[in-house]
$ cat structure_29.pdb   # PDB, C-alpha atoms
MODEL        1
ATOM      1  CA  MET P 863       3.860  24.357 -15.277
ATOM      2  CA  SER P 864       5.987  23.927 -18.341
ATOM      3  CA  ALA P 865       5.418  21.002 -20.695
ATOM      4  CA  LEU P 866       5.613  17.832 -18.564
ATOM      5  CA  GLU P 867       5.959  14.483 -20.265
ATOM      6  CA  ILE P 868       6.001  11.109 -18.530
ATOM      7  CA  ARG P 869       7.065   8.184 -20.676
ATOM      8  CA  PRO P 870       8.821   4.838 -20.416
ATOM      9  CA  THR P 871      12.534   5.196 -19.767
ATOM     10  CA  SER P 872      15.086   4.411 -22.456
ATOM     11  CA  GLU P 873      18.779   3.758 -22.009
ATOM     12  CA  ALA P 874      19.457   7.224 -23.450
ATOM     13  CA  ASP P 875      17.839   8.657 -20.280
ATOM     14  CA  LEU P 876      20.201   6.845 -17.926
ATOM     15  CA  PRO P 877      22.981   9.475 -17.726
ATOM     16  CA  ALA P 878      20.438  12.064 -16.537
ATOM     17  CA  ILE P 879      18.822   9.533 -14.177
ATOM     18  CA  THR P 880      22.260   8.715 -12.782
ATOM     19  CA  ALA P 881      22.838  12.433 -12.081
ATOM     20  CA  VAL P 882      19.466  12.790 -10.320
ATOM     21  CA  TYR P 883      20.205   9.763  -8.160
ATOM     22  CA  GLU P 884      23.765  10.898  -7.439
ATOM     23  CA  HIS P 885      22.397  14.096  -5.932
ATOM     24  CA  ALA P 886      19.912  12.104  -3.830
ATOM     25  CA  VAL P 887      22.692   9.855  -2.516
ATOM     26  CA  ARG P 888      25.115  12.688  -1.759
ATOM     27  CA  HIS P 889      22.655  15.185  -0.261
ATOM     28  CA  GLY P 890      19.424  13.442   0.727
ATOM     29  CA  THR P 891      18.003  10.831   3.020
ATOM     30  CA  ALA P 892      15.428   9.305   0.661
ATOM     31  CA  THR P 893      18.002   6.639  -0.169
ATOM     32  CA  PHE P 894      20.268   4.965   2.336
ATOM     33  CA  GLU P 895      23.009   4.390  -0.238
ATOM     34  CA  LEU P 896      26.204   6.176   0.755
ATOM     35  CA  VAL P 897      28.182   6.009  -2.494
ATOM     36  CA  PRO P 898      26.440   6.967  -5.745
ATOM     37  CA  PRO P 899      26.445   4.165  -8.316
ATOM     38  CA  ASP P 900      28.049   4.945 -11.652
ATOM     39  CA  LEU P 901      26.321   4.832 -15.031
ATOM     40  CA  ALA P 902      27.317   1.197 -15.618
ATOM     41  CA  GLU P 903      25.666   0.127 -12.353
ATOM     42  CA  MET P 904      22.558   2.232 -13.004
ATOM     43  CA  THR P 905      22.327   0.647 -16.456
ATOM     44  CA  ARG P 906      22.616  -2.832 -14.920
ATOM     45  CA  ARG P 907      19.839  -2.027 -12.428
ATOM     46  CA  TYR P 908      17.608  -0.571 -15.150
ATOM     47  CA  ARG P 909      18.026  -3.624 -17.398
ATOM     48  CA  ALA P 910      17.319  -6.020 -14.517
ATOM     49  CA  LEU P 911      14.053  -4.238 -13.732
ATOM     50  CA  VAL P 912      12.847  -3.926 -17.321
ATOM     51  CA  ASP P 913      13.909  -7.486 -18.185
ATOM     52  CA  GLY P 914      12.054  -8.643 -15.054
ATOM     53  CA  GLY P 915       8.805  -7.140 -16.339
ATOM     54  CA  TYR P 916       8.720  -4.088 -14.084
ATOM     55  CA  PRO P 917       7.760  -0.565 -15.225
ATOM     56  CA  TYR P 918      10.261   2.297 -15.256
ATOM     57  CA  PHE P 919       9.227   5.856 -16.172
ATOM     58  CA  VAL P 920      11.000   9.141 -16.677
ATOM     59  CA  ALA P 921       9.601  12.659 -16.262
ATOM     60  CA  LEU P 922      10.724  15.327 -18.709
ATOM     61  CA  LEU P 923      10.130  19.027 -18.270
ATOM     62  CA  ASP P 924      10.609  20.927 -21.502
ATOM     63  CA  GLY P 925      12.505  17.897 -22.822
ATOM     64  CA  ARG P 926      14.911  17.632 -19.846
ATOM     65  CA  VAL P 927      14.896  14.598 -17.520
ATOM     66  CA  VAL P 928      13.860  15.863 -14.092
ATOM     67  CA  GLY P 929      12.828  12.661 -12.373
ATOM     68  CA  TYR P 930      12.081   8.992 -12.623
ATOM     69  CA  ALA P 931      10.055   6.263 -10.972
ATOM     70  CA  TYR P 932      10.076   2.505 -11.131
ATOM     71  CA  ALA P 933       8.662  -0.551  -9.453
ATOM     72  CA  GLY P 934      10.628  -3.638  -8.584
ATOM     73  CA  ALA P 935      10.285  -6.820  -6.597
ATOM     74  CA  TYR P 936       9.374  -6.194  -2.971
ATOM     75  CA  ARG P 937      11.158  -9.396  -1.868
ATOM     76  CA  PRO P 938      12.749 -12.217  -3.909
ATOM     77  CA  ARG P 939      10.721 -15.170  -2.613
ATOM     78  CA  PRO P 940       7.991 -16.368  -5.022
ATOM     79  CA  ALA P 941       5.076 -15.740  -2.657
ATOM     80  CA  TYR P 942       5.766 -11.993  -3.054
ATOM     81  CA  ARG P 943       5.437 -12.092  -6.866
ATOM     82  CA  PHE P 944       2.306  -9.901  -6.897
ATOM     83  CA  THR P 945       3.815  -7.227  -4.636
ATOM     84  CA  VAL P 946       6.073  -4.432  -5.854
ATOM     85  CA  GLU P 947       8.069  -1.711  -4.151
ATOM     86  CA  ASN P 948       8.169   1.726  -5.739
ATOM     87  CA  SER P 949      10.966   4.274  -6.008
ATOM     88  CA  ILE P 950      10.724   7.913  -7.104
ATOM     89  CA  TYR P 951      13.537  10.453  -7.421
ATOM     90  CA  LEU P 952      13.387  14.040  -8.615
ATOM     91  CA  ASP P 953      15.850  16.736  -9.532
ATOM     92  CA  PRO P 954      15.779  19.002  -6.456
ATOM     93  CA  SER P 955      14.939  22.036  -8.590
ATOM     94  CA  THR P 956      11.566  20.447  -9.371
ATOM     95  CA  HIS P 957      10.376  19.513  -5.887
ATOM     96  CA  ARG P 958       6.857  20.601  -4.871
ATOM     97  CA  ARG P 959       5.619  20.964  -8.457
ATOM     98  CA  GLY P 960       3.480  17.815  -8.646
ATOM     99  CA  ILE P 961       5.938  15.842 -10.754
ATOM    100  CA  GLY P 962       6.418  13.096  -8.162
ATOM    101  CA  LEU P 963       2.651  12.739  -7.895
ATOM    102  CA  LYS P 964       2.274  12.392 -11.677
ATOM    103  CA  LEU P 965       5.079   9.817 -11.803
ATOM    104  CA  LEU P 966       3.536   7.784  -8.992
ATOM    105  CA  GLU P 967       0.051   7.894 -10.541
ATOM    106  CA  ARG P 968       1.445   6.594 -13.840
ATOM    107  CA  LEU P 969       3.469   3.920 -12.063
ATOM    108  CA  ILE P 970       0.410   2.717 -10.115
ATOM    109  CA  LEU P 971      -1.674   2.434 -13.292
ATOM    110  CA  GLU P 972       1.035   0.510 -15.113
ATOM    111  CA  CYS P 973       1.532  -1.880 -12.199
ATOM    112  CA  GLU P 974      -2.204  -2.581 -12.176
ATOM    113  CA  VAL P 975      -2.139  -3.293 -15.925
ATOM    114  CA  ARG P 976       0.709  -5.748 -15.337
ATOM    115  CA  GLY P 977      -1.306  -7.642 -12.734
ATOM    116  CA  PHE P 978       0.464  -6.620  -9.533
ATOM    117  CA  ARG P 979      -1.797  -6.489  -6.463
ATOM    118  CA  GLN P 980       0.090  -4.583  -3.751
ATOM    119  CA  MET P 981       2.542  -1.687  -3.795
ATOM    120  CA  ILE P 982       4.873  -0.978  -0.905
ATOM    121  CA  ALA P 983       6.649   2.324  -0.289
ATOM    122  CA  VAL P 984       9.735   2.214   1.912
ATOM    123  CA  ILE P 985      10.323   5.907   2.557
ATOM    124  CA  GLY P 986      13.719   6.905   3.855
ATOM    125  CA  ASP P 987      13.591   9.364   6.768
ATOM    126  CA  SER P 988      10.349   9.914   8.657
ATOM    127  CA  ALA P 989      10.923  13.668   8.177
ATOM    128  CA  ASN P 990      10.380  13.225   4.406
ATOM    129  CA  ALA P 991       6.937  14.874   4.492
ATOM    130  CA  GLY P 992       6.854  15.391   0.712
ATOM    131  CA  SER P 993       7.163  11.710  -0.110
ATOM    132  CA  ILE P 994       4.813  10.643   2.672
ATOM    133  CA  GLY P 995       2.250  13.178   1.443
ATOM    134  CA  VAL P 996       2.479  12.142  -2.208
ATOM    135  CA  HIS P 997       1.980   8.516  -1.258
ATOM    136  CA  ALA P 998      -1.000   9.379   0.969
ATOM    137  CA  LYS P 999      -2.590  11.380  -1.891
ATOM    138  CA  THR P1000      -2.475   8.284  -4.087
ATOM    139  CA  GLY P1001      -4.144   5.994  -1.571
ATOM    140  CA  PHE P1002      -1.227   4.599   0.410
ATOM    141  CA  LYS P1003      -1.859   3.867   4.083
ATOM    142  CA  LEU P1004       0.736   4.095   6.818
ATOM    143  CA  ILE P1005       1.755   0.606   7.878
ATOM    144  CA  GLY P1006       4.439   1.545  10.381
ATOM    145  CA  THR P1007       7.833   3.035  11.035
ATOM    146  CA  HIS P1008      11.128   1.265  11.568
ATOM    147  CA  PRO P1009      12.898   3.671  13.917
ATOM    148  CA  ASN P1010      16.628   4.333  13.687
ATOM    149  CA  VAL P1011      17.488   1.651  11.106
ATOM    150  CA  GLY P1012      19.817   3.713   8.901
ATOM    151  CA  LEU P1013      22.836   5.842   9.734
ATOM    152  CA  LYS P1014      23.626   8.600   7.246
ATOM    153  CA  PHE P1015      25.146  12.059   7.608
ATOM    154  CA  GLY P1016      25.969  11.284  11.242
ATOM    155  CA  ARG P1017      22.378  10.714  12.326
ATOM    156  CA  TRP P1018      19.997   7.817  12.733
ATOM    157  CA  LEU P1019      17.141   7.645  10.237
ATOM    158  CA  ASP P1020      13.789   5.890  10.246
ATOM    159  CA  THR P1021      12.035   4.201   7.362
ATOM    160  CA  VAL P1022       8.320   4.730   6.920
ATOM    161  CA  MET P1023       6.356   1.833   5.470
ATOM    162  CA  MET P1024       3.240   2.582   3.403
ATOM    163  CA  GLN P1025       1.095   0.216   1.348
ATOM    164  CA  ARG P1026      -1.603   0.432  -1.306
ATOM    165  CA  ASP P1027      -3.830  -2.104  -3.049
ATOM    166  CA  LEU P1028      -3.461  -2.372  -6.808
ATOM    167  CA  GLY P1029      -6.472  -3.426  -8.855
ATOM    168  CA  ASP P1030      -8.444  -6.041  -6.908
ATOM    169  CA  GLY P1031      -5.778  -6.073  -4.189
ATOM    170  CA  ALA P1032      -6.304  -9.044  -1.889
ATOM    171  CA  SER P1033     -10.040  -9.355  -2.581
ATOM    172  CA  THR P1034      -9.386 -12.116  -5.135
ATOM    173  CA  VAL P1035      -6.601 -14.540  -5.928
ATOM    174  CA  PRO P1036      -4.961 -13.873  -9.303
ATOM    175  CA  GLY P1037      -5.089 -16.586 -11.940
ATOM    176  CA  GLU P1038      -1.691 -18.002 -12.709
TER     177      GLU P1038
ENDMDL
END
$ encode --input "structure_29.pdb" --output "structure tokens"
Amino acid sequence: MSALEIRPTSEADLPAITAVYEHAVRHGTATFELVPPDLAEMTRRYRALVDGGYPYFVALLDGRVVGYAYAGAYRPRPAYRFTVENSIYLDPSTHRRGIGLKLLERLILECEVRGFRQMIAVIGDSANAGSIGVHAKTGFKLIGTHPNVGLKFGRWLDTVMMQRDLGDGASTVPGE
């Protein structure tokens, strides 16, 4: 593989991230969004995550942004404060090269450092074997499938729920 770098995202990366996500919205089923958000909206989302204390990473291949991953709140209620949901998107030219795996491994480590205890993956489309496989390789367990909850490209899509402990998981109660 060429020189892969994974580092924290900066605002300078957001135009490339916006392009990666636009392709996912227009052509894929990993996201159930139907209209790609513009750069201003992607910038707003990025700032909300980073300002909220969540990690956000970018993958560069030979200096070019080819993917990104972040964690955010799983649900807004305070009891969920130790649980995050992850998201990973890649430029389609880089699929099946291990970049998603490297992004997810880095994201898991950073979430553990920040004291989160559970990570949830909500995978769009039960046919998304690549994402399901990457999550399984990093210790996620299948929790269940919500059948036919999204309608995109004229067909019903499932979401696959996977979950992984972070750090001590639920074996202890975090100090607050």
$ closest_residue --input "structure_29.pdb" --among "P:Leu911, P:Ala991, P:Leu896, P:Leu1019" --to "Arg958 in chain P" --atoms "only C-alpha atoms"
P:Ala991
$ resolve_selection --input "structure_29.pdb" --expression "the PyMOL selection byres ((chain P and resi 979) around 12)" --output "PyMOL selection string"
chain P and resi 936+942-947+970-978+980-982+1025-1037
$ closest_residue --input "structure_29.pdb" --among "P:Lys999, P:Ser993, P:Asp913, P:Arg869" --to "Leu969 in chain P" --atoms "all atoms listed in the file"
P:Arg869
$ closest_residue --input "structure_29.pdb" --among "P:His997, P:His889, P:His1008, P:Arg926" --to "Ser864 in chain P" --atoms "all atoms listed in the file"
P:Arg926
$ resolve_selection --input "structure_29.pdb" --expression "the PyMOL selection byres ((chain P and resi 965-967) around 8)" --output "list in words"
Ile868, Phe919, Val920, Ala921, Tyr930, Ala931, Ile950, Ile961, Gly962, Leu963, Lys964, Arg968, Leu969, Ile970, Leu971, His997 and Thr1000 of chain P
$ atom_distance --input "structure_29.pdb" --atom1 "CA of Pro870 in chain P" --atom2 "CA of Tyr918 in chain P"
5.9 Å
$ resolve_selection --input "structure_29.pdb" --expression "the PyMOL selection byres ((chain P and resi 880) around 9)" --output "JSON, numbers by chain"
{"P": [875, 876, 877, 878, 879, 881, 882, 883, 884, 885, 898, 899, 900, 901, 904, 905]}
$ atom_distance --input "structure_29.pdb" --atom1 "CA of Asn1010 in chain P" --atom2 "CA of Thr956 in chain P"
28.6 Å
$ atom_distance --input "structure_29.pdb" --atom1 "CA of Ala910 in chain P" --atom2 "CA of Asn948 in chain P"
14.9 Å
$ residues_around --input "structure_29.pdb" --residues "Val984 in chain P" --least-positions-apart "4" --cutoff "7 Å" --atoms "only C-alpha atoms" --output "count of residues only"
4
$ closest_residue --input "structure_29.pdb" --among "P:Ala983, P:Thr893, P:Leu1013, P:Ser955" --to "Gly1001 in chain P" --atoms "all atoms listed in the file"
P:Ala983
$ closest_residue --input "structure_29.pdb" --among "P:Val897, P:Gly992, P:Ala902, P:Val912" --to "Ser872 in chain P" --atoms "all atoms listed in the file"
P:Val912
$ closest_residue --input "structure_29.pdb" --among "P:Val928, P:Leu922, P:Ala865, P:Leu952" --to "Val887 in chain P" --atoms "only C-alpha atoms"
P:Leu952
$ axis_aligned_box --input "structure_29.pdb" --around "range 951-961 of chain P" --padding-each-side "4 Å" --output "lines of an AutoDock Vina configuration file"
center_x = 9.7
center_y = 16.2
center_z = -7.8
size_x = 20.4
size_y = 19.6
size_z = 13.9
$ residues_around --input "structure_29.pdb" --residues "Ala989 in chain P" --least-positions-apart "5" --cutoff "12 Å" --atoms "only C-alpha atoms" --output "mmCIF file with C-alpha atoms, in the coordinates of the input"
data_model
loop_
_atom_site.group_PDB
_atom_site.id
_atom_site.type_symbol
_atom_site.label_atom_id
_atom_site.label_comp_id
_atom_site.auth_asym_id
_atom_site.auth_seq_id
_atom_site.Cartn_x
_atom_site.Cartn_y
_atom_site.Cartn_z
ATOM 1 C CA GLY P 890 19.424 13.442 0.727
ATOM 2 C CA THR P 891 18.003 10.831 3.020
ATOM 3 C CA ALA P 892 15.428 9.305 0.661
ATOM 4 C CA ILE P 994 4.813 10.643 2.672
ATOM 5 C CA GLY P 995 2.250 13.178 1.443
ATOM 6 C CA THR P 1007 7.833 3.035 11.035
ATOM 7 C CA PRO P 1009 12.898 3.671 13.917
ATOM 8 C CA TRP P 1018 19.997 7.817 12.733
ATOM 9 C CA LEU P 1019 17.141 7.645 10.237
ATOM 10 C CA ASP P 1020 13.789 5.890 10.246
ATOM 11 C CA THR P 1021 12.035 4.201 7.362
ATOM 12 C CA VAL P 1022 8.320 4.730 6.920
#
